[in-house]
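As stored in data30.cif (mmCIF, C-alpha atoms):
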```cif
data_target
#
loop_
_atom_site.label_atom_id
_atom_site.label_comp_id
_atom_site.auth_asym_id
_atom_site.auth_seq_id
_atom_site.Cartn_x
_atom_site.Cartn_y
_atom_site.Cartn_z
CA PRO A 35 0.00 0.00 0.00
CA ALA A 36 2.86 2.40 0.65
CA GLY A 37 4.16 1.76 -2.86
CA GLU A 38 0.81 2.34 -4.40
CA LYS A 39 0.41 5.62 -2.67
CA LYS A 40 3.55 7.00 -4.28
CA PRO A 41 2.20 7.61 -7.84
CA GLY A 42 -1.10 8.70 -6.30
CA GLU A 43 0.68 11.26 -4.21
CA LYS A 44 2.72 12.59 -7.05
CA ALA A 45 -0.22 13.05 -9.43
CA PRO A 46 -2.39 15.18 -7.17
CA GLY A 47 0.76 16.87 -5.98
CA GLU A 48 1.53 18.03 -9.49
CA LYS A 49 -2.03 18.85 -10.33
CA LYS A 50 -2.88 20.87 -7.27
CA PRO A 51 -2.69 24.60 -7.96
CA GLY A 52 -1.80 25.24 -4.35
CA ARG A 53 1.60 23.73 -4.89
CA LYS A 54 3.70 26.62 -5.97
CA LYS A 55 7.03 24.67 -5.97
CA PRO A 56 8.85 24.60 -9.32
CA THR A 57 10.04 21.38 -10.97
CA GLY A 58 13.44 21.86 -9.47
CA GLU A 59 12.12 21.40 -6.02
CA LYS A 60 9.93 18.50 -6.95
CA LYS A 61 12.92 16.26 -7.05
CA PRO A 62 13.69 16.59 -3.39
CA ALA A 63 9.93 16.26 -2.82
CA GLU A 64 9.95 13.10 -4.91
CA GLN A 65 12.98 11.84 -3.13
CA LYS A 66 11.51 12.32 0.29
CA PRO A 67 8.48 10.08 -0.13
CA ILE A 68 10.73 7.53 -1.87
CA GLN A 69 13.15 7.65 0.99
CA LYS A 70 10.34 7.39 3.47
CA ALA A 71 8.89 4.40 1.69
CA VAL A 72 12.28 2.76 1.45
CA GLY A 73 12.92 3.49 5.09
CA GLU A 74 9.60 1.91 6.02
CA LYS A 75 10.34 -1.20 3.99
CA LYS A 76 13.80 -1.53 5.53
CA LYS A 77 12.38 -1.51 9.05
CA LYS A 78 9.74 -4.09 7.99
CA ILE A 79 7.27 -2.99 10.63
CA LYS A 80 4.01 -3.58 8.81
CA LYS A 81 0.96 -2.83 10.83
CA HIS A 82 -1.45 -5.74 10.65
CA HIS A 83 -4.99 -4.89 9.77
CA ALA A 84 -7.64 -5.60 12.38
CA SER A 85 -9.99 -8.50 11.72
CA ARG A 86 -12.13 -7.81 8.67
CA ASN A 87 -14.74 -10.24 9.94
CA PRO A 88 -16.87 -8.71 12.69
CA VAL A 89 -18.02 -11.15 15.34
CA LEU A 90 -21.77 -11.75 15.61
CA ALA A 91 -21.59 -14.26 18.40
CA ARG A 92 -18.75 -16.35 19.80
CA GLY A 93 -17.42 -18.51 17.03
CA ILE A 94 -19.65 -16.91 14.36
CA GLY A 95 -18.37 -14.27 11.94
CA ARG A 96 -20.34 -11.97 9.72
CA TYR A 97 -18.80 -13.15 6.44
CA SER A 98 -18.36 -16.57 4.92
CA ARG A 99 -15.11 -18.17 3.84
CA SER A 100 -15.44 -17.05 0.26
CA ALA A 101 -16.47 -13.51 1.26
CA MET A 102 -13.43 -13.32 3.53
CA TYR A 103 -11.19 -14.54 0.73
CA ALA A 104 -12.33 -11.60 -1.35
CA ARG A 105 -12.17 -9.12 1.54
CA LYS A 106 -8.63 -10.08 2.47
CA ALA A 107 -7.62 -9.94 -1.21
CA LEU A 108 -6.00 -13.35 -1.01
CA TYR A 109 -6.43 -13.67 -4.78
CA LYS A 110 -3.42 -11.41 -5.14
CA ARG A 111 -1.52 -12.78 -2.12
CA LYS A 112 -0.45 -16.21 -3.19
CA TYR A 113 2.97 -17.28 -1.92
CA THR A 114 4.88 -20.47 -2.52
CA ALA A 115 7.71 -21.85 -0.37
CA PRO A 116 11.07 -22.00 -2.11
CA GLU A 117 11.70 -25.29 -3.86
CA THR A 118 13.86 -27.56 -1.73
CA LYS A 119 16.61 -29.79 -3.08
CA ILE A 120 14.48 -32.91 -2.52
CA GLU A 121 11.63 -31.47 -4.54
CA LYS A 122 14.03 -30.48 -7.29
CA LYS A 123 15.37 -34.01 -7.35
CA LYS A 124 11.86 -35.41 -7.55
CA LYS A 125 11.08 -33.09 -10.48
CA GLU A 126 14.05 -34.30 -12.44
CA LYS A 127 12.47 -36.89 -14.64
CA PRO A 128 14.54 -39.83 -15.81
CA ARG A 129 15.31 -40.12 -19.52
CA ALA A 130 12.39 -41.56 -21.47
CA THR A 131 14.02 -42.24 -24.84
CA ILE A 132 17.48 -42.85 -26.16
CA THR A 133 18.87 -42.59 -29.69
CA LYS A 134 20.72 -45.65 -30.88
CA PRO A 135 22.80 -46.12 -34.01
CA VAL A 136 21.36 -48.41 -36.66
CA GLY A 137 23.27 -50.22 -39.38
CA GLY A 138 22.35 -50.67 -42.97
CA ASP A 139 22.36 -48.49 -46.00
CA LYS A 140 20.10 -45.55 -46.60
CA ASN A 141 18.50 -46.02 -43.21
CA GLY A 142 19.08 -42.71 -41.54
CA GLY A 143 21.81 -43.85 -39.11
CA THR A 144 19.87 -43.58 -35.79
CA ARG A 145 16.56 -44.55 -34.26
CA VAL A 146 14.86 -43.09 -31.22
CA VAL A 147 14.12 -45.97 -28.86
CA LYS A 148 12.01 -45.95 -25.70
CA ILE A 149 13.88 -46.93 -22.58
CA ARG A 150 10.86 -48.19 -20.61
CA LYS A 151 8.60 -50.11 -22.97
CA MET A 152 4.96 -51.07 -22.52
CA PRO A 153 4.37 -54.67 -21.39
CA ARG A 154 3.95 -57.15 -24.23
CA TYR A 155 1.65 -59.44 -22.23
CA TYR A 156 -1.11 -58.91 -19.71
CA PRO A 157 -2.20 -61.97 -17.77
CA THR A 158 -5.94 -62.70 -17.76
CA GLU A 159 -6.04 -63.09 -13.99
CA ASP A 160 -4.28 -60.48 -11.96
CA VAL A 161 -2.26 -61.58 -8.96
CA PRO A 162 -3.93 -60.10 -5.86
CA ARG A 163 -1.93 -57.62 -3.86
CA LYS A 164 -0.21 -59.18 -0.86
CA LEU A 165 -0.85 -57.67 2.55
CA LEU A 166 2.05 -55.87 4.20
CA SER A 167 4.02 -57.90 6.71
CA HIS A 168 6.96 -56.80 8.79
CA GLY A 169 9.88 -58.54 10.39
CA LYS A 170 9.84 -61.55 8.05
CA LYS A 171 13.50 -61.82 7.16
CA PRO A 172 15.22 -64.39 4.97
CA PHE A 173 17.48 -66.94 6.66
CA SER A 174 20.63 -65.07 5.74
CA GLN A 175 19.49 -62.10 7.82
CA HIS A 176 18.33 -64.01 10.89
CA LYS A 177 19.86 -63.24 14.29
CA ARG A 178 22.38 -65.89 15.29
CA ARG A 179 22.54 -66.79 18.94
CA LEU A 180 25.23 -68.67 20.78
CA ARG A 181 24.81 -70.18 24.21
CA ALA A 182 26.84 -68.42 26.86
CA SER A 183 28.47 -71.71 27.83
CA ILE A 184 30.02 -72.06 24.37
CA THR A 185 33.13 -69.89 23.92
CA PRO A 186 36.10 -70.40 21.60
CA GLY A 187 38.17 -73.25 22.99
CA THR A 188 35.35 -75.04 24.80
CA VAL A 189 35.37 -78.81 24.72
CA LEU A 190 32.04 -79.98 23.29
CA ILE A 191 30.48 -83.42 23.30
CA LEU A 192 28.87 -84.24 19.94
CA LEU A 193 25.58 -86.01 20.33
CA THR A 194 24.53 -86.78 16.77
CA GLY A 195 26.17 -87.73 13.53
CA ARG A 196 28.86 -90.23 12.84
CA HIS A 197 31.03 -88.71 15.54
CA ARG A 198 28.51 -89.01 18.34
CA GLY A 199 29.94 -89.22 21.82
CA LYS A 200 33.26 -87.70 20.81
CA ARG A 201 34.77 -84.80 22.63
CA VAL A 202 35.81 -82.01 20.35
CA VAL A 203 37.26 -78.48 20.49
CA PHE A 204 35.06 -75.56 19.46
CA LEU A 205 36.73 -72.96 17.23
CA LYS A 206 34.18 -70.38 16.11
CA GLN A 207 30.60 -69.82 15.07
CA LEU A 208 30.06 -69.52 11.31
CA ALA A 209 27.77 -67.12 9.50
CA THR A 210 24.82 -69.53 9.38
CA GLY A 211 25.05 -70.15 13.11
CA LEU A 212 26.70 -73.57 12.90
CA LEU A 213 29.74 -74.22 15.03
CA LEU A 214 33.16 -74.85 13.47
CA VAL A 215 34.74 -77.69 15.36
CA THR A 216 37.89 -79.78 15.15
CA GLY A 217 38.91 -83.07 16.83
CA PRO A 218 41.83 -82.38 16.41
CA LEU A 219 42.08 -85.03 13.72
CA ALA A 220 45.16 -86.67 15.23
CA ILE A 221 43.39 -87.21 18.53
CA ASN A 222 39.93 -88.48 17.69
CA ARG A 223 39.57 -88.52 13.90
CA VAL A 224 37.17 -85.61 13.84
CA PRO A 225 38.22 -83.20 11.06
CA LEU A 226 37.39 -79.52 10.69
CA ARG A 227 33.67 -79.87 10.63
CA ARG A 228 30.43 -78.05 11.31
CA ALA A 229 28.25 -78.97 14.25
CA HIS A 230 24.84 -77.75 15.28
CA GLN A 231 24.60 -75.91 18.56
CA LYS A 232 21.48 -77.77 19.64
CA PHE A 233 23.02 -81.22 19.27
CA VAL A 234 26.04 -80.55 21.39
CA ILE A 235 26.78 -80.56 25.12
CA ALA A 236 29.09 -77.78 26.20
CA THR A 237 31.46 -78.85 28.98
CA SER A 238 33.11 -76.39 31.30
CA THR A 239 36.57 -77.44 30.11
CA LYS A 240 38.24 -74.76 27.99
CA VAL A 241 41.37 -74.79 25.86
CA ASP A 242 43.13 -71.49 25.39
CA ILE A 243 42.93 -70.83 21.64
CA SER A 244 43.22 -67.07 21.80
CA GLY A 245 46.46 -67.27 19.83
CA VAL A 246 45.16 -69.69 17.23
CA LYS A 247 44.58 -68.17 13.81
CA ILE A 248 41.78 -69.76 11.85
CA PRO A 249 42.04 -69.23 8.07
CA LYS A 250 39.46 -66.84 6.71
CA HIS A 251 38.35 -69.06 3.85
CA LEU A 252 36.71 -71.58 6.22
CA THR A 253 33.12 -70.48 5.70
CA ASP A 254 29.80 -72.24 5.23
CA ALA A 255 30.34 -72.38 1.46
CA TYR A 256 33.61 -74.28 2.04
CA PHE A 257 31.85 -76.94 4.09
CA LYS A 258 28.65 -77.20 2.10
CA LYS A 259 27.91 -80.61 0.60
CA LYS A 260 28.41 -80.66 -3.17
CA ARG A 261 25.75 -82.28 -5.34
CA LEU A 262 26.35 -83.12 -9.02
CA ARG A 263 23.66 -82.02 -11.38
CA LYS A 264 23.25 -82.07 -15.17
CA PRO A 265 22.89 -85.75 -16.06
CA LYS A 266 23.07 -86.05 -19.79
CA HIS A 267 19.67 -87.76 -19.99
CA GLN A 268 21.12 -91.23 -20.22
CA GLU A 269 18.86 -93.49 -18.22
CA GLY A 270 20.40 -96.18 -16.08
CA GLU A 271 23.84 -94.74 -15.71
CA ILE A 272 22.78 -91.56 -13.97
CA PHE A 273 22.54 -93.16 -10.57
CA ASP A 274 26.16 -94.29 -10.63
CA THR A 275 27.97 -91.13 -11.63
CA GLU A 276 26.57 -88.92 -8.87
CA LYS A 277 29.11 -88.59 -6.07
CA GLU A 278 29.01 -91.78 -4.04
CA LYS A 279 32.47 -91.70 -2.63
CA TYR A 280 33.49 -88.58 -0.83
CA GLU A 281 37.09 -87.65 -1.54
CA ILE A 282 39.15 -85.52 0.79
CA THR A 283 40.60 -82.65 -1.17
CA GLU A 284 44.17 -81.50 -0.70
CA GLN A 285 42.97 -78.13 0.48
CA ARG A 286 41.10 -79.73 3.34
CA LYS A 287 44.22 -81.58 4.38
CA THR A 288 46.36 -78.45 4.40
CA ASP A 289 43.74 -76.48 6.30
CA GLN A 290 43.40 -79.30 8.83
CA LYS A 291 47.16 -79.35 9.41
CA ALA A 292 47.34 -75.59 9.72
CA VAL A 293 44.66 -75.38 12.41
CA ASP A 294 45.46 -78.60 14.24
CA SER A 295 49.15 -77.83 14.71
CA GLN A 296 48.19 -74.71 16.65
CA VAL A 297 45.42 -76.35 18.65
CA LEU A 298 47.49 -79.42 19.55
CA ALA A 299 50.22 -77.22 20.96
CA GLN A 300 47.69 -75.74 23.38
CA ILE A 301 46.18 -79.12 24.27
CA LYS A 302 49.56 -80.55 25.21
CA LYS A 303 49.94 -77.88 27.87
CA VAL A 304 47.04 -79.24 29.93
CA PRO A 305 47.78 -82.59 31.60
CA GLN A 306 45.49 -85.46 30.66
CA LEU A 307 43.52 -83.34 28.22
CA ARG A 308 44.70 -85.33 25.24
CA GLY A 309 43.46 -88.57 26.76
CA TYR A 310 40.20 -86.87 27.66
CA LEU A 311 39.63 -85.80 24.07
CA ARG A 312 40.46 -89.29 22.87
CA SER A 313 37.78 -90.83 25.10
CA THR A 314 34.09 -90.90 24.27
CA PHE A 315 31.16 -89.94 26.42
CA GLY A 316 28.65 -92.54 27.53
CA LEU A 317 25.93 -93.04 30.09
CA SER A 318 25.91 -96.06 32.34
CA ASN A 319 23.80 -97.35 35.20
CA GLY A 320 23.16 -94.79 37.85
CA VAL A 321 24.38 -91.89 35.70
CA TYR A 322 21.63 -89.37 35.03
CA PRO A 323 22.25 -86.46 32.64
CA HIS A 324 20.12 -84.07 34.63
CA LYS A 325 22.27 -84.69 37.68
CA LEU A 326 25.58 -84.40 35.90
CA VAL A 327 27.59 -81.24 35.98
CA PHE A 328 29.30 -80.90 32.62
CA VAL B 11 22.67 -97.42 74.19
CA PHE B 12 22.56 -93.70 73.60
CA LYS B 13 25.82 -91.84 73.75
CA ARG B 14 24.91 -88.31 72.60
CA PHE B 15 22.32 -86.45 74.67
CA VAL B 16 20.51 -83.19 74.31
CA GLU B 17 22.06 -80.98 76.98
CA ILE B 18 22.99 -77.37 77.39
CA GLY B 19 26.04 -76.78 75.29
CA ARG B 20 25.61 -79.76 72.99
CA VAL B 21 26.80 -78.85 69.49
CA ALA B 22 24.32 -80.00 66.84
CA PHE B 23 24.45 -80.20 63.06
CA ILE B 24 21.40 -78.85 61.26
CA SER B 25 20.32 -81.35 58.62
CA PHE B 26 17.52 -79.55 56.81
CA GLY B 27 15.79 -76.19 56.69
CA PRO B 28 17.12 -72.76 55.89
CA HIS B 29 20.29 -73.30 57.93
CA ALA B 30 21.03 -76.75 56.60
CA GLY B 31 24.66 -77.79 56.99
CA LYS B 32 25.54 -75.46 59.87
CA LEU B 33 26.60 -76.13 63.46
CA VAL B 34 24.75 -74.72 66.44
CA ALA B 35 24.94 -75.00 70.21
CA ILE B 36 21.87 -75.83 72.31
CA VAL B 37 21.41 -73.00 74.76
CA ASP B 38 18.12 -73.98 76.38
CA VAL B 39 15.23 -76.39 75.96
CA ILE B 40 11.87 -74.79 75.33
CA ASP B 41 9.56 -77.79 75.34
CA GLN B 42 9.47 -81.36 74.13
CA ASN B 43 10.13 -80.47 70.52
CA ARG B 44 12.09 -77.25 70.47
CA ALA B 45 15.30 -75.84 71.75
CA LEU B 46 16.76 -72.39 71.94
CA VAL B 47 19.76 -72.56 69.72
CA ASP B 48 22.63 -70.25 68.83
CA GLY B 49 25.46 -70.44 66.32
CA PRO B 50 27.55 -67.30 66.65
CA CYS B 51 30.53 -68.74 64.75
CA SER B 52 28.44 -70.39 62.04
CA GLY B 53 26.09 -67.59 61.10
CA VAL B 54 22.93 -68.80 62.82
CA ARG B 55 21.01 -66.27 64.85
CA ARG B 56 19.75 -67.18 68.26
CA GLN B 57 16.39 -68.81 67.65
CA ALA B 58 14.07 -71.65 68.50
CA MET B 59 14.67 -74.76 66.48
CA PRO B 60 12.89 -78.11 66.45
CA PHE B 61 14.94 -81.11 67.54
CA LYS B 62 13.92 -82.93 64.40
CA CYS B 63 16.22 -80.93 62.19
CA MET B 64 19.16 -81.21 64.55
CA GLN B 65 21.64 -84.05 64.57
CA LEU B 66 23.78 -84.24 67.71
CA THR B 67 27.54 -84.23 67.43
CA ASP B 68 30.16 -85.37 69.89
CA PHE B 69 31.04 -81.89 71.06
CA VAL B 70 29.75 -80.29 74.25
CA LEU B 71 30.49 -76.76 75.37
CA LYS B 72 30.46 -75.43 78.87
CA PHE B 73 28.15 -72.53 79.49
CA PRO B 74 25.15 -72.05 81.76
CA HIS B 75 21.64 -72.29 80.35
CA SER B 76 20.28 -69.17 78.60
CA ALA B 77 23.79 -67.73 78.41
CA ARG B 78 24.07 -64.84 76.07
CA GLN B 79 25.62 -65.05 72.66
CA LYS B 80 28.93 -63.60 73.80
CA CYS B 81 29.38 -66.46 76.25
CA VAL B 82 28.44 -69.03 73.68
CA ARG B 83 30.93 -67.52 71.27
CA LEU B 84 33.68 -67.53 73.86
CA ALA B 85 33.06 -71.15 74.72
CA TRP B 86 32.93 -72.07 71.05
CA GLU B 87 36.20 -70.41 70.22
CA LYS B 88 37.89 -71.77 73.35
CA GLU B 89 37.06 -75.31 72.29
CA ASN B 90 37.91 -74.57 68.64
CA ILE B 91 34.79 -76.33 67.50
CA ASN B 92 35.14 -75.27 63.86
CA GLU B 93 38.53 -76.91 63.44
CA LYS B 94 37.55 -79.99 65.41
CA TRP B 95 34.47 -80.37 63.27
CA ALA B 96 36.40 -80.13 60.01
CA ALA B 97 38.67 -82.92 61.26
CA THR B 98 35.83 -85.34 61.93
CA ARG B 99 34.98 -88.07 59.46
CA TRP B 100 31.42 -86.81 59.35
CA ALA B 101 32.43 -83.45 57.98
CA LYS B 102 34.88 -85.02 55.56
CA LYS B 103 32.19 -87.27 54.16
CA ILE B 104 29.94 -84.27 53.61
CA GLU B 105 32.72 -82.47 51.82
CA ALA B 106 33.48 -85.46 49.62
CA ARG B 107 29.83 -85.74 48.66
CA GLU B 108 29.74 -82.07 47.67
CA LYS B 109 32.87 -82.37 45.60
CA LYS B 110 31.53 -85.40 43.80
CA ALA B 111 28.37 -83.56 42.86
CA LYS B 112 30.39 -80.66 41.46
CA MET B 113 32.65 -82.85 39.34
CA THR B 114 32.85 -81.80 35.72
CA ASP B 115 33.15 -84.18 32.81
CA PHE B 116 36.93 -83.70 32.69
CA ASP B 117 37.19 -84.38 36.43
CA ARG B 118 35.23 -87.57 36.03
CA TYR B 119 37.67 -88.70 33.36
CA LYS B 120 40.63 -87.94 35.63
CA VAL B 121 39.03 -89.84 38.50
CA MET B 122 38.36 -92.80 36.24
CA LYS B 123 41.99 -92.86 35.13
CA ALA B 124 43.20 -92.47 38.71
CA LYS B 125 41.05 -95.36 39.92
CA LYS B 126 42.46 -97.58 37.19
CA MET B 127 46.03 -97.04 38.36
#
```
Output the structure of this file as structure tokens.
Amino acid sequence: PAGEKKPGEKAPGEKKPGRKKPTGEKKPAEQKPIQKAVGEKKKKIKKHHASRNPVLARGIGRYSRSAMYARKALYKRKYTAPETKIEKKKKEKPRATITKPVGGDKNGGTRVVKIRKMPRYYPTEDVPRKLLSHGKKPFSQHKRRLRASITPGTVLILLTGRHRGKRVVFLKQLATGLLLVTGPLAINRVPLRRAHQKFVIATSTKVDISGVKIPKHLTDAYFKKKRLRKPKHQEGEIFDTEKEKYEITEQRKTDQKAVDSQVLAQIKKVPQLRGYLRSTFGLSNGVYPHKLVF
Amino acid sequence: VFKRFVEIGRVAFISFGPHAGKLVAIVDVIDQNRALVDGPCSGVRRQAMPFKCMQLTDFVLKFPHSARQKCVRLAWEKENINEKWAATRWAKKIEAREKKAKMTDFDRYKVMKAKKM
């Protein structure tokens, strides 16, 4: 409103006969209102208008929403917030088409090709939308737990498998949660092997393997059973060629030696431990597992 | 026929209850079933205790009936009951039983090997 008053002021100012000032003095006169206006804008103290909507009763105004819109002149007071970086990024549309070179003679060397094409097939029955679920993770992302009684170097008693009853040294827990365990091989013929936590009794006997370095390539993939596939569709002979006999690879032998040499050195330090690991666990008359302290 | 009697100063072993396994001295007899008992050197407060949970030992202390705890303690320490008790076969058997129950798998193996020798 201050800005609008400026030309209004000047026009009547010039027109009024009462103003005897010559043009020369109009300039300072012009400058003054300009300076005043500028000064007002710089201070930014704009007096807010009182409510244009008189109150009839509490909560009830004289004018409706649309009448107020017109009265407050909101049609010429539309502001937008400045565009943020995120909004700018959202506006940036990805490329829709790409020009590709085309071979051949007299072809016009390029074609404009759509990047995202329309589907070439619509199924007759649509798959219904699945309901949202949360917390359903694939096995690879599950939380692995380890019993507090099982720490690196603990002597475990295997309860299942071909090595049942044997006492074995625990090395580490692998990524799938299975326990990496070794006999050592020279003591009880148990190689570097995986064992399941649930099928194992943890004894309170510990071997100090803090200095033992376990090679990094001993992972679940290393121990996973290999199955041959791709029979060449020759009936009869397929059942023979699939791995019957398990062969110990050279890598397994070297890894076994590398780990066992370190572990055996630690076992020899404890008296009678070697004989203990060589023996097997068994129950006899009068021996009750719930009464035993392991 | 009977060699150990309930008397003032008799040291008893508590067989069951909250103070199982501790030694106390009989300070006074309350009635047919209960005694006033005190174990200053074994962590038992002066209290009434039924005879049923007490097992009499061979030790007798000398103090008058209803003597206060200080006197009981003095008599106990003068006779060195704690050491005498630990030297008895009874206490040794109890200790052996406890150790056997705490044996770990490795200990059991060692015992088996030792027995074979």
**OP:** To verify the selection step, state as a ChimeraX atom specification which residues the PyMOL selection byres ((chain B) within 12 of (chain A)) yields on this input.
**Re:** /B:108-124
**OP:** Give the answer as one residue: which of A:Ala292, A:Leu252, A:Ala115, A:Ile149 has the shortest atom-to-atom distance to A:Ala209, using all atoms listed in the file?
**Re:**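 Looking at the shortest contact to A:Ala209, the residue is A:Leu252.
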**OP:** Tell me, as a PyMOL selection string, which residues lie within 12 Å of stretch 67-83 of chain B, counting all atoms listed in the file; anything in the same chain fewer than 3 positions away does not count.
**Re:** chain B and resi 12-25+32-40+45-57+64+86-95+98-101
Original post:
Do you know which residues the PyMOL selection byres ((chain A and resi 194) around 12) returns on this file, as a list in words?
Top reply: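 Output of the PyMOL selection byres ((chain A and resi 194) around 12): Ile191, Leu192, Leu193, Gly195, Arg196, His197, Arg198, Gly199, Lys200, Arg201, Arg228, Ala229, His230, Gln231, Lys232, Phe233, Val234 and Ile235 of chain A.
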**OP:** Kindly give the distance, in Å, that separates atom CA of A:Ser85 and atom CA of A:Lys112, rounded to a single decimal.
**Re:** 19.3 Å
Subject >> Evaluate the PyMOL selection byres ((chain A and resi 135) around 9) and report residues as a list in words >> reply: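 This file gives the following for the PyMOL selection byres ((chain A and resi 135) around 9): Thr133, Lys134, Val136, Gly137, Gly143, Thr144, Arg145 and Val146 of chain A.
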Original post:
Any idea what the distance is between atom CA of A:His176 and atom CA of A:Leu208?
Top reply: 13.0 Å
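Between atom CA of A:Gln290 and atom CA of A:Arg223 the interatomic distance comes to 11.2 Å.
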So that all listed atoms of stretch 87-93 of chain A fit with 6 Å spare on each side, what axis-aligned box centre and edge lengths in Å, to one decimal, would you give as AutoDock Vina command-line options?
```
--center_x -18.3 --center_y -13.6 --center_z 14.9 --size_x 19.0 --size_y 21.8 --size_z 21.9
```
**OP:** Would you list the residues near (41.1, -73.0, 5.9), meaning any protein, DNA or RNA residue with an atom at most 10 Å from that point in file coordinates, counting only C-alpha atoms, as a list in words?
**Re:**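 Within the cut-off we find Leu226, Lys247, Ile248, Pro249, Lys250, His251, Leu252, Thr253, Tyr256, Gln285, Arg286, Lys287, Thr288, Asp289, Gln290, Lys291, Ala292 and Val293 of chain A.
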